[in-house]
file work_18.pdb (PDB, C-alpha atoms)
ATOM      1  CA  MET G   1     -10.306  22.791  -3.545
ATOM      2  CA  THR G   2      -6.700  22.208  -2.514
ATOM      3  CA  ASN G   3      -5.058  19.038  -3.787
ATOM      4  CA  PRO G   4      -3.027  16.892  -1.395
ATOM      5  CA  VAL G   5       0.763  16.929  -1.635
ATOM      6  CA  PHE G   6       0.853  13.216  -0.814
ATOM      7  CA  LEU G   7      -1.979  10.826  -1.580
ATOM      8  CA  VAL G   8      -1.449   7.390  -0.035
ATOM      9  CA  GLN G   9      -3.730   4.580  -1.208
ATOM     10  CA  ASN G  10      -3.934   1.012   0.106
ATOM     11  CA  LEU G  11      -0.280   1.005   1.161
ATOM     12  CA  ASP G  12       1.206  -2.255   2.457
ATOM     13  CA  PHE G  13       4.873  -2.525   3.317
ATOM     14  CA  TYR G  14       6.966  -5.635   3.949
ATOM     15  CA  TYR G  15      10.374  -6.332   5.461
ATOM     16  CA  GLY G  16      10.926  -9.704   3.792
ATOM     17  CA  LYS G  17       7.852 -11.768   4.675
ATOM     18  CA  SER G  18       7.018  -9.595   7.682
ATOM     19  CA  LYS G  19       4.232  -7.070   7.046
ATOM     20  CA  ALA G  20       5.062  -3.765   8.727
ATOM     21  CA  LEU G  21       2.276  -1.552   7.329
ATOM     22  CA  SER G  22      -1.230  -2.616   6.415
ATOM     23  CA  ASN G  23      -3.694  -0.793   4.168
ATOM     24  CA  ILE G  24      -2.638   2.796   4.916
ATOM     25  CA  ASN G  25      -4.849   5.455   3.310
ATOM     26  CA  LEU G  26      -4.370   9.162   3.943
ATOM     27  CA  GLU G  27      -3.875  12.575   2.387
ATOM     28  CA  ILE G  28      -1.140  15.019   3.423
ATOM     29  CA  MET G  29      -2.143  18.573   2.637
ATOM     30  CA  PRO G  30       0.175  21.429   1.653
ATOM     31  CA  ARG G  31       1.687  23.871   4.172
ATOM     32  CA  GLN G  32       0.540  21.923   7.183
ATOM     33  CA  VAL G  33       2.383  20.041   9.898
ATOM     34  CA  THR G  34       1.258  16.408   9.980
ATOM     35  CA  ALA G  35       2.339  14.484  13.089
ATOM     36  CA  LEU G  36       2.566  10.693  13.261
ATOM     37  CA  ILE G  37       2.295   9.248  16.776
ATOM     38  CA  GLY G  38       2.110   5.781  18.294
ATOM     39  CA  PRO G  39       4.210   3.374  20.372
ATOM     40  CA  SER G  40       7.657   2.144  19.307
ATOM     41  CA  GLY G  41       7.668  -0.362  16.467
ATOM     42  CA  CYS G  42       4.178   0.550  15.227
ATOM     43  CA  GLY G  43       5.266   1.638  11.736
ATOM     44  CA  LYS G  44       5.542   5.449  12.019
ATOM     45  CA  SER G  45       9.144   5.733  10.830
ATOM     46  CA  THR G  46       8.684   2.979   8.247
ATOM     47  CA  PHE G  47       5.776   4.939   6.797
ATOM     48  CA  LEU G  48       7.753   8.195   6.854
ATOM     49  CA  ARG G  49      10.602   6.537   4.928
ATOM     50  CA  CYS G  50       8.115   5.271   2.332
ATOM     51  CA  LEU G  51       7.439   8.915   1.410
ATOM     52  CA  ASN G  52      10.944   9.429  -0.013
ATOM     53  CA  ARG G  53      11.821   5.788  -0.655
ATOM     54  CA  MET G  54      14.510   5.644   2.011
ATOM     55  CA  ASN G  55      13.371   2.067   2.630
ATOM     56  CA  ASP G  56      14.727   1.196  -0.826
ATOM     57  CA  THR G  57      18.167   1.023   0.788
ATOM     58  CA  ILE G  58      17.070  -1.959   2.940
ATOM     59  CA  GLU G  59      17.344  -5.322   1.211
ATOM     60  CA  GLY G  60      14.193  -7.421   0.911
ATOM     61  CA  THR G  61      11.650  -4.642   1.380
ATOM     62  CA  ARG G  62       8.516  -4.444  -0.741
ATOM     63  CA  VAL G  63       5.731  -1.912  -1.247
ATOM     64  CA  ASP G  64       2.184  -2.580  -2.452
ATOM     65  CA  GLY G  65      -0.339   0.185  -3.076
ATOM     66  CA  LYS G  66       0.276   3.698  -4.333
ATOM     67  CA  ILE G  67       1.827   6.961  -3.150
ATOM     68  CA  THR G  68       1.614  10.058  -5.322
ATOM     69  CA  LEU G  69       3.537  13.300  -4.776
ATOM     70  CA  ASN G  70       1.628  16.174  -6.377
ATOM     71  CA  GLY G  71       0.041  13.666  -8.728
ATOM     72  CA  GLU G  72       3.203  11.696  -9.614
ATOM     73  CA  ASP G  73       3.525   8.034  -8.617
ATOM     74  CA  ILE G  74       6.739   7.973  -6.571
ATOM     75  CA  TYR G  75       7.130   4.203  -7.033
ATOM     76  CA  ALA G  76       6.775   4.389 -10.820
ATOM     77  CA  GLU G  77       9.686   2.861 -12.739
ATOM     78  CA  ASP G  78      10.638   6.203 -14.286
ATOM     79  CA  MET G  79      10.743   8.086 -10.955
ATOM     80  CA  ASP G  80      14.284   9.359 -10.340
ATOM     81  CA  VAL G  81      14.933   8.573  -6.669
ATOM     82  CA  VAL G  82      17.669  11.243  -6.350
ATOM     83  CA  THR G  83      15.218  13.887  -7.568
ATOM     84  CA  LEU G  84      12.528  12.496  -5.264
ATOM     85  CA  ARG G  85      14.797  12.872  -2.219
ATOM     86  CA  GLN G  86      15.579  16.444  -3.224
ATOM     87  CA  ARG G  87      11.823  17.132  -3.410
ATOM     88  CA  VAL G  88      11.169  15.290  -0.134
ATOM     89  CA  GLY G  89      13.978  16.097   2.312
ATOM     90  CA  MET G  90      14.646  14.206   5.546
ATOM     91  CA  VAL G  91      15.855  15.380   8.960
ATOM     92  CA  PHE G  92      16.919  12.461  11.139
ATOM     93  CA  GLN G  93      16.664  11.683  14.845
ATOM     94  CA  LYS G  94      20.286  12.505  15.594
ATOM     95  CA  PRO G  95      21.907  15.525  13.963
ATOM     96  CA  ASN G  96      24.189  14.304  11.158
ATOM     97  CA  PRO G  97      26.186  17.278   9.882
ATOM     98  CA  PHE G  98      29.060  16.491   7.537
ATOM     99  CA  PRO G  99      32.544  16.861   9.115
ATOM    100  CA  GLN G 100      33.086  20.000   7.065
ATOM    101  CA  SER G 101      32.578  23.726   7.503
ATOM    102  CA  ILE G 102      29.127  25.159   8.200
ATOM    103  CA  TYR G 103      29.279  26.807   4.771
ATOM    104  CA  ASP G 104      30.100  23.549   2.956
ATOM    105  CA  ASN G 105      27.312  21.680   4.765
ATOM    106  CA  VAL G 106      24.665  24.025   3.407
ATOM    107  CA  ALA G 107      26.365  24.363   0.016
ATOM    108  CA  PHE G 108      26.525  20.584  -0.513
ATOM    109  CA  GLY G 109      23.073  20.017  -2.040
ATOM    110  CA  PRO G 110      22.988  23.064  -4.338
ATOM    111  CA  ARG G 111      26.504  22.198  -5.603
ATOM    112  CA  VAL G 112      25.691  18.540  -6.279
ATOM    113  CA  LEU G 113      22.358  19.308  -7.923
ATOM    114  CA  GLY G 114      23.677  22.324  -9.801
ATOM    115  CA  THR G 115      20.821  24.536  -8.629
ATOM    116  CA  VAL G 116      22.936  27.680  -8.195
ATOM    117  CA  ARG G 117      24.655  29.913 -10.733
ATOM    118  CA  GLY G 118      27.993  31.162  -9.471
ATOM    119  CA  LYS G 119      29.351  32.122  -6.063
ATOM    120  CA  ALA G 120      27.010  35.049  -5.382
ATOM    121  CA  ASP G 121      23.951  32.854  -5.981
ATOM    122  CA  LEU G 122      25.393  30.135  -3.736
ATOM    123  CA  GLU G 123      26.114  32.594  -0.924
ATOM    124  CA  GLU G 124      22.603  33.998  -1.191
ATOM    125  CA  THR G 125      21.197  30.448  -0.975
ATOM    126  CA  ILE G 126      23.344  29.682   2.083
ATOM    127  CA  GLU G 127      22.252  32.828   3.902
ATOM    128  CA  ARG G 128      18.578  32.274   3.036
ATOM    129  CA  SER G 129      18.722  28.645   4.188
ATOM    130  CA  LEU G 130      20.452  29.478   7.469
ATOM    131  CA  ARG G 131      17.921  32.242   8.095
ATOM    132  CA  GLN G 132      15.064  29.824   7.393
ATOM    133  CA  ALA G 133      16.631  27.445   9.912
ATOM    134  CA  ALA G 134      16.921  30.278  12.478
ATOM    135  CA  LEU G 135      20.690  29.780  12.577
ATOM    136  CA  TRP G 136      22.118  32.700  10.583
ATOM    137  CA  ASP G 137      22.612  35.038  13.547
ATOM    138  CA  ASP G 138      24.450  32.279  15.450
ATOM    139  CA  VAL G 139      26.910  31.360  12.690
ATOM    140  CA  LYS G 140      27.202  34.222  10.192
ATOM    141  CA  ASP G 141      30.694  35.108  11.512
ATOM    142  CA  SER G 142      31.914  31.490  11.681
ATOM    143  CA  LEU G 143      30.808  29.925   8.384
ATOM    144  CA  ASP G 144      34.315  28.545   7.765
ATOM    145  CA  GLU G 145      34.411  26.736  11.117
ATOM    146  CA  SER G 146      33.615  23.034  11.488
ATOM    147  CA  ALA G 147      29.961  22.131  11.864
ATOM    148  CA  MET G 148      31.025  19.588  14.472
ATOM    149  CA  GLY G 149      31.761  22.434  16.895
ATOM    150  CA  LEU G 150      28.113  23.499  17.053
ATOM    151  CA  SER G 151      25.810  22.465  19.902
ATOM    152  CA  LEU G 152      23.432  19.556  19.204
ATOM    153  CA  GLY G 153      20.513  21.939  18.753
ATOM    154  CA  GLN G 154      22.507  24.085  16.338
ATOM    155  CA  GLN G 155      23.643  20.975  14.458
ATOM    156  CA  GLN G 156      20.024  19.900  14.008
ATOM    157  CA  ARG G 157      19.062  23.358  12.719
ATOM    158  CA  LEU G 158      22.049  23.151  10.356
ATOM    159  CA  CYS G 159      20.684  19.845   9.044
ATOM    160  CA  ILE G 160      17.354  21.599   8.466
ATOM    161  CA  ALA G 161      19.208  24.392   6.611
ATOM    162  CA  ARG G 162      20.898  21.721   4.475
ATOM    163  CA  VAL G 163      17.489  20.315   3.533
ATOM    164  CA  VAL G 164      15.863  23.663   2.713
ATOM    165  CA  ALA G 165      18.899  24.749   0.648
ATOM    166  CA  VAL G 166      17.623  22.558  -2.223
ATOM    167  CA  GLN G 167      14.083  23.956  -1.866
ATOM    168  CA  PRO G 168      12.133  20.744  -1.292
ATOM    169  CA  GLU G 169       8.369  20.433  -1.527
ATOM    170  CA  VAL G 170       8.162  18.419   1.707
ATOM    171  CA  ILE G 171      10.321  18.132   4.837
ATOM    172  CA  LEU G 172      10.199  14.849   6.777
ATOM    173  CA  MET G 173      11.384  14.840  10.394
ATOM    174  CA  ASP G 174      11.962  11.521  12.158
ATOM    175  CA  GLU G 175      11.899  12.298  15.897
ATOM    176  CA  SER G 176      14.152  15.230  15.120
ATOM    177  CA  THR G 177      14.052  16.655  18.672
ATOM    178  CA  SER G 178      14.410  13.436  20.695
ATOM    179  CA  ALA G 179      18.194  13.887  21.120
ATOM    180  CA  LEU G 180      17.885  17.565  22.111
ATOM    181  CA  ASP G 181      17.501  19.352  25.433
ATOM    182  CA  PRO G 182      14.227  21.198  26.204
ATOM    183  CA  ILE G 183      15.485  24.624  25.047
ATOM    184  CA  ALA G 184      16.834  23.270  21.739
ATOM    185  CA  THR G 185      13.593  21.297  21.312
ATOM    186  CA  LEU G 186      11.543  24.469  21.718
ATOM    187  CA  GLN G 187      13.720  26.251  19.140
ATOM    188  CA  VAL G 188      13.137  23.470  16.598
ATOM    189  CA  GLU G 189       9.385  23.472  17.337
ATOM    190  CA  GLU G 190       9.243  27.237  16.745
ATOM    191  CA  LEU G 191      11.210  26.690  13.555
ATOM    192  CA  ILE G 192       8.728  24.054  12.329
ATOM    193  CA  ALA G 193       5.897  26.568  12.809
ATOM    194  CA  GLU G 194       7.814  28.998  10.565
ATOM    195  CA  LEU G 195       8.751  26.372   7.974
ATOM    196  CA  LYS G 196       5.137  25.406   7.308
ATOM    197  CA  LYS G 197       4.595  28.834   5.735
ATOM    198  CA  ASP G 198       6.731  27.615   2.816
ATOM    199  CA  TYR G 199       6.840  23.817   3.131
ATOM    200  CA  THR G 200       4.715  20.792   3.906
ATOM    201  CA  VAL G 201       6.127  19.169   7.066
ATOM    202  CA  VAL G 202       5.598  15.595   8.280
ATOM    203  CA  ILE G 203       6.988  14.654  11.688
ATOM    204  CA  VAL G 204       7.260  11.413  13.613
ATOM    205  CA  THR G 205       7.234  12.029  17.358
ATOM    206  CA  HIS G 206       6.980   9.984  20.544
ATOM    207  CA  ASN G 207       6.042  13.172  22.368
ATOM    208  CA  MET G 208       2.264  13.566  22.292
ATOM    209  CA  GLN G 209       2.467  17.031  23.850
ATOM    210  CA  GLN G 210       4.724  18.036  20.948
ATOM    211  CA  ALA G 211       2.223  16.702  18.418
ATOM    212  CA  ALA G 212      -0.559  18.613  20.174
ATOM    213  CA  ARG G 213       1.508  21.824  20.206
ATOM    214  CA  ILE G 214       2.836  22.009  16.691
ATOM    215  CA  SER G 215       0.774  19.885  14.286
ATOM    216  CA  ASP G 216      -2.353  20.661  12.291
ATOM    217  CA  VAL G 217      -3.226  17.015  11.630
ATOM    218  CA  THR G 218      -2.267  13.869  13.574
ATOM    219  CA  GLY G 219      -2.238  10.196  12.663
ATOM    220  CA  LEU G 220      -2.077   7.389  15.231
ATOM    221  CA  PHE G 221      -0.244   4.256  14.099
ATOM    222  CA  TRP G 222      -0.761   0.988  15.972
ATOM    223  CA  LEU G 223       0.706  -2.392  14.973
ATOM    224  CA  GLY G 224       1.246  -1.222  11.410
ATOM    225  CA  GLU G 225      -2.236   0.194  10.943
ATOM    226  CA  LEU G 226      -3.458   3.792  10.831
ATOM    227  CA  VAL G 227      -6.039   3.817  13.612
ATOM    228  CA  GLU G 228      -7.128   7.428  13.309
ATOM    229  CA  PHE G 229      -6.154  10.424  11.191
ATOM    230  CA  SER G 230      -7.766  13.769  11.897
ATOM    231  CA  VAL G 231      -7.353  17.425  12.825
ATOM    232  CA  THR G 232      -5.043  17.523  15.856
ATOM    233  CA  ASP G 233      -7.386  19.490  18.133
ATOM    234  CA  GLU G 234     -10.181  17.019  17.459
ATOM    235  CA  MET G 235      -8.004  13.967  17.985
ATOM    236  CA  PHE G 236      -6.724  15.170  21.334
ATOM    237  CA  THR G 237     -10.094  16.411  22.649
ATOM    238  CA  ARG G 238     -12.682  14.239  20.861
ATOM    239  CA  PRO G 239     -10.989  11.114  19.471
ATOM    240  CA  LYS G 240     -13.259   8.938  17.338
ATOM    241  CA  GLN G 241     -11.643   5.610  18.250
ATOM    242  CA  GLU G 242     -11.462   4.023  21.706
ATOM    243  CA  LEU G 243      -7.867   2.956  21.026
ATOM    244  CA  THR G 244      -6.894   6.577  20.283
ATOM    245  CA  GLU G 245      -8.406   7.755  23.555
ATOM    246  CA  ALA G 246      -6.695   4.934  25.470
ATOM    247  CA  TYR G 247      -3.321   5.827  23.929
ATOM    248  CA  ILE G 248      -3.628   9.578  24.400
ATOM    249  CA  THR G 249      -4.729   9.244  28.035
ATOM    250  CA  GLY G 250      -1.900   6.793  28.754
ATOM    251  CA  ARG G 251      -4.057   3.721  29.438
ATOM    252  CA  MET G 252      -2.363   1.879  26.557
ATOM    253  CA  GLY G 253       1.013   2.081  24.822
TER     254      GLY G 253
END
call {"tool": "encode", "arguments": {"input": "work_18.pdb", "output": "C-alpha cells"}}
result
Amino acid sequence: MTNPVFLVQNLDFYYGKSKALSNINLEIMPRQVTALIGPSGCGKSTFLRCLNRMNDTIEGTRVDGKITLNGEDIYAEDMDVVTLRQRVGMVFQKPNPFPQSIYDNVAFGPRVLGTVRGKADLEETIERSLRQAALWDDVKDSLDESAMGLSLGQQQRLCIARVVAVQPEVILMDESTSALDPIATLQVEELIAELKKDYTVVIVTHNMQQAARISDVTGLFWLGELVEFSVTDEMFTRPKQELTEAYITGRMG
C-alpha cells in the first residue's frame, strides 16, 4: 500500500480571530496531480500555503491540527522551514523570475543550498531542470540573457525550472496559468503531466476544465471547508455532494 506524501488531519487555520479553514482532512498521494477548486475566497490558496508554511510570513496566523510530509510533522518545533520549502516548492500565479540571467535564475537554489559540486555539476543541473520545464530548446543559446526578456509563458516555465533545480518532493502551483494566454497555458498543462512522473503536484485553479483535464484527484473548497475530495473523473461525472454538482454545473459559485 502506498503511503500519502501529505496527510492532513483536522486542520483549522486562522487569520487573527477569523477562521479561514475548518476541519480539513485529506491525503495527497505521490506522483499524482491534485487539483483544488472552488470560488474565490474559499480557502484554496490558504490551504496550499499551509503545505509549505508560506502563511508563517503573515502576522497573526495560527494553525490547529496536523500536517505530515512523508511522516514528518511540518509544524513541529524542530522542522527547518527553509528545508521544508526546498522539499515543497511553490510556483506562483504571476511569473516571478529574478532580474538576472536565465542561468542564474536556475542556479540560485542549488548554489544557496549547496546541492551541487563544482561548475560541471551545476551546469548539468541547470540543463536537466530546463529540460524538465520544457524550456531548454528555447533558451540553451541565451542562458546569459536576462530572464525578464522571456515571454510570460517562458518566464513561468523558468520559475518551474527554478523549483525543480533543488529536486523537491512536491510542487505547489497557485493558479500558475491564470496570467498566461491559451497557448502558454496548454504548454504548462502538458508540462504538469510530465512533471507528475517524478513529482507530486498540487494545483489551485479557478478553471474547472483545467482541473478535469490534468488532475487525478480534485478537492472542492467552499467557505473554508472541504466539501468533496475524490478521483477527478468521478467528481466531474458522479459527484457525491449536491453542492459539488451545483458548483460544477455552474448553478452556484
call {"tool": "closest_residue", "arguments": {"input": "work_18.pdb", "among": "G:Thr249, G:Asn52, G:Asn96, G:Gln155", "to": "G:Val81", "atoms": "all atoms listed in the file"}}
result
G:Asn52
call {"tool": "resolve_selection", "arguments": {"input": "work_18.pdb", "expression": "the PyMOL selection byres ((chain G and resi 191) around 12)", "output": "ChimeraX atom specification"}}
result
/G:33,130-135,153-154,156-158,160-161,176-177,184-190,192-199,201,214
call {"tool": "closest_residue", "arguments": {"input": "work_18.pdb", "among": "G:Gly224, G:Val5, G:Arg111, G:Ala165", "to": "G:Leu21", "atoms": "all atoms listed in the file"}}
result
G:Gly224
call {"tool": "atom_distance", "arguments": {"input": "work_18.pdb", "atom1": "atom CA of G:Ile24", "atom2": "atom CA of G:Thr205"}}
result
18.4 Å
call {"tool": "closest_atom_pairs", "arguments": {"input": "work_18.pdb", "of": "stretch 81-144 of chain G", "to": "stretch 53-76 of chain G", "cutoff": "10 Å", "atoms": "only C-alpha atoms", "output": "Markdown table"}}
result
| residue | atom | partner | partner_atom | distance |
| --- | --- | --- | --- | --- |
| G:Val81 | CA | G:Arg53 | CA | 7.3 |
| G:Val82 | CA | G:Arg53 | CA | 9.8 |
| G:Leu84 | CA | G:Ile74 | CA | 7.5 |
| G:Arg85 | CA | G:Arg53 | CA | 7.8 |
| G:Arg87 | CA | G:Leu69 | CA | 9.2 |
| G:Val88 | CA | G:Leu69 | CA | 9.2 |
| G:Met90 | CA | G:Met54 | CA | 9.3 |
call {"tool": "write_last_selection", "arguments": {"input": "work_18.pdb", "atoms": "C-alpha atoms", "output": "compact mmCIF listing (two decimals), keeping the file's coordinate frame"}}
result
# COMPACT_ATOMS: atom_id res chain seq x y z
CA VAL G 81 14.93 8.57 -6.67
CA VAL G 82 17.67 11.24 -6.35
CA LEU G 84 12.53 12.50 -5.26
CA ARG G 85 14.80 12.87 -2.22
CA ARG G 87 11.82 17.13 -3.41
CA VAL G 88 11.17 15.29 -0.13
CA MET G 90 14.65 14.21 5.55
call {"tool": "closest_residue", "arguments": {"input": "work_18.pdb", "among": "G:Asp78, G:Gln100, G:Asn10, G:Ser230", "to": "G:Ser22", "atoms": "only C-alpha atoms"}}
result
G:Asn10
call {"tool": "residues_around", "arguments": {"input": "work_18.pdb", "residues": "G:Pro39", "least_positions_apart": "6", "cutoff": "12 Å", "atoms": "all atoms listed in the file", "output": "list of chain:residue names"}}
result
G:Ser45, G:Val204, G:Thr205, G:His206, G:Asn207, G:Met208, G:Leu220, G:Phe221, G:Trp222, G:Leu223, G:Gly224, G:Glu225, G:Thr244, G:Tyr247, G:Ile248, G:Gly250, G:Met252, G:Gly253
call {"tool": "resolve_selection", "arguments": {"input": "work_18.pdb", "expression": "the PyMOL selection byres ((chain G and resi 233) around 9)", "output": "VMD selection string"}}
result
chain G and resid 212 216 to 218 230 to 232 234 to 238
call {"tool": "atom_distance", "arguments": {"input": "work_18.pdb", "atom1": "atom CA of G:Gly43", "atom2": "atom CA of G:Gln209"}}
result
19.8 Å
call {"tool": "residues_around", "arguments": {"input": "work_18.pdb", "residues": "G:Asn3", "least_positions_apart": "4", "cutoff": "10 Å", "atoms": "only C-alpha atoms", "output": "PDB file with C-alpha atoms, in the coordinates of the input"}}
result
ATOM      1  CA  LEU G   7      -1.979  10.826  -1.580  1.00  0.00           C
ATOM      2  CA  GLU G  27      -3.875  12.575   2.387  1.00  0.00           C
ATOM      3  CA  ILE G  28      -1.140  15.019   3.423  1.00  0.00           C
ATOM      4  CA  MET G  29      -2.143  18.573   2.637  1.00  0.00           C
ATOM      5  CA  PRO G  30       0.175  21.429   1.653  1.00  0.00           C
ATOM      6  CA  ASN G  70       1.628  16.174  -6.377  1.00  0.00           C
ATOM      7  CA  GLY G  71       0.041  13.666  -8.728  1.00  0.00           C
TER       8      GLY G  71
END
call {"tool": "atom_distance", "arguments": {"input": "work_18.pdb", "atom1": "atom CA of G:Glu175", "atom2": "atom CA of G:Glu145"}}
result
27.2 Å
call {"tool": "closest_residue", "arguments": {"input": "work_18.pdb", "among": "G:Leu152, G:Leu26, G:Ala35, G:Leu11", "to": "G:Ile183", "atoms": "all atoms listed in the file"}}
result
G:Leu152
call {"tool": "axis_aligned_box", "arguments": {"input": "work_18.pdb", "around": "stretch 167-181 of chain G", "padding_each_side": "5 Å", "output": "AutoDock Vina command-line options"}}
result
--center_x 13.2 --center_y 17.7 --center_z 11.8 --size_x 20.0 --size_y 22.4 --size_z 37.3
call {"tool": "build_atoms", "arguments": {"input": "work_18.pdb", "residues": "stretch 37-50 of chain G", "atoms": "N, CA, C and O atoms", "output": "PDB file, keeping the file's coordinate frame"}}
result
ATOM      1  N   ILE G  37       2.023   9.692  15.403  1.00  0.00           N
ATOM      2  CA  ILE G  37       2.295   9.248  16.776  1.00  0.00           C
ATOM      3  C   ILE G  37       1.968   7.766  16.895  1.00  0.00           C
ATOM      4  O   ILE G  37       1.380   7.167  15.992  1.00  0.00           O
ATOM      5  N   GLY G  38       2.355   7.193  18.035  1.00  0.00           N
ATOM      6  CA  GLY G  38       2.110   5.781  18.294  1.00  0.00           C
ATOM      7  C   GLY G  38       3.294   5.177  19.025  1.00  0.00           C
ATOM      8  O   GLY G  38       4.375   5.770  19.069  1.00  0.00           O
ATOM      9  N   PRO G  39       3.118   3.998  19.614  1.00  0.00           N
ATOM     10  CA  PRO G  39       4.210   3.374  20.372  1.00  0.00           C
ATOM     11  C   PRO G  39       5.358   2.939  19.457  1.00  0.00           C
ATOM     12  O   PRO G  39       5.226   2.915  18.240  1.00  0.00           O
ATOM     13  N   SER G  40       6.487   2.602  20.068  1.00  0.00           N
ATOM     14  CA  SER G  40       7.657   2.144  19.307  1.00  0.00           C
ATOM     15  C   SER G  40       7.304   0.900  18.503  1.00  0.00           C
ATOM     16  O   SER G  40       6.565   0.032  18.974  1.00  0.00           O
ATOM     17  N   GLY G  41       7.855   0.833  17.286  1.00  0.00           N
ATOM     18  CA  GLY G  41       7.668  -0.362  16.467  1.00  0.00           C
ATOM     19  C   GLY G  41       6.308  -0.474  15.819  1.00  0.00           C
ATOM     20  O   GLY G  41       5.926  -1.553  15.359  1.00  0.00           O
ATOM     21  N   CYS G  42       5.543   0.638  15.762  1.00  0.00           N
ATOM     22  CA  CYS G  42       4.178   0.550  15.227  1.00  0.00           C
ATOM     23  C   CYS G  42       4.109   0.942  13.757  1.00  0.00           C
ATOM     24  O   CYS G  42       3.046   0.911  13.160  1.00  0.00           O
ATOM     25  N   GLY G  43       5.253   1.358  13.171  1.00  0.00           N
ATOM     26  CA  GLY G  43       5.266   1.638  11.736  1.00  0.00           C
ATOM     27  C   GLY G  43       5.384   3.103  11.347  1.00  0.00           C
ATOM     28  O   GLY G  43       5.400   3.432  10.160  1.00  0.00           O
ATOM     29  N   LYS G  44       5.486   4.005  12.332  1.00  0.00           N
ATOM     30  CA  LYS G  44       5.542   5.449  12.019  1.00  0.00           C
ATOM     31  C   LYS G  44       6.734   5.790  11.135  1.00  0.00           C
ATOM     32  O   LYS G  44       6.597   6.424  10.090  1.00  0.00           O
ATOM     33  N   SER G  45       7.930   5.384  11.582  1.00  0.00           N
ATOM     34  CA  SER G  45       9.144   5.733  10.830  1.00  0.00           C
ATOM     35  C   SER G  45       9.206   4.978   9.504  1.00  0.00           C
ATOM     36  O   SER G  45       9.679   5.516   8.503  1.00  0.00           O
ATOM     37  N   THR G  46       8.735   3.743   9.501  1.00  0.00           N
ATOM     38  CA  THR G  46       8.684   2.979   8.247  1.00  0.00           C
ATOM     39  C   THR G  46       7.815   3.716   7.232  1.00  0.00           C
ATOM     40  O   THR G  46       8.191   3.871   6.067  1.00  0.00           O
ATOM     41  N   PHE G  47       6.657   4.198   7.704  1.00  0.00           N
ATOM     42  CA  PHE G  47       5.776   4.939   6.797  1.00  0.00           C
ATOM     43  C   PHE G  47       6.451   6.220   6.302  1.00  0.00           C
ATOM     44  O   PHE G  47       6.413   6.532   5.112  1.00  0.00           O
ATOM     45  N   LEU G  48       7.087   6.936   7.230  1.00  0.00           N
ATOM     46  CA  LEU G  48       7.753   8.195   6.854  1.00  0.00           C
ATOM     47  C   LEU G  48       8.785   7.935   5.755  1.00  0.00           C
ATOM     48  O   LEU G  48       8.874   8.683   4.780  1.00  0.00           O
ATOM     49  N   ARG G  49       9.549   6.844   5.902  1.00  0.00           N
ATOM     50  CA  ARG G  49      10.602   6.537   4.928  1.00  0.00           C
ATOM     51  C   ARG G  49      10.029   6.038   3.604  1.00  0.00           C
ATOM     52  O   ARG G  49      10.731   6.059   2.590  1.00  0.00           O
ATOM     53  N   CYS G  50       8.767   5.613   3.609  1.00  0.00           N
ATOM     54  CA  CYS G  50       8.115   5.271   2.332  1.00  0.00           C
ATOM     55  C   CYS G  50       7.911   6.519   1.479  1.00  0.00           C
ATOM     56  O   CYS G  50       7.862   6.439   0.248  1.00  0.00           O
TER      57      CYS G  50
END
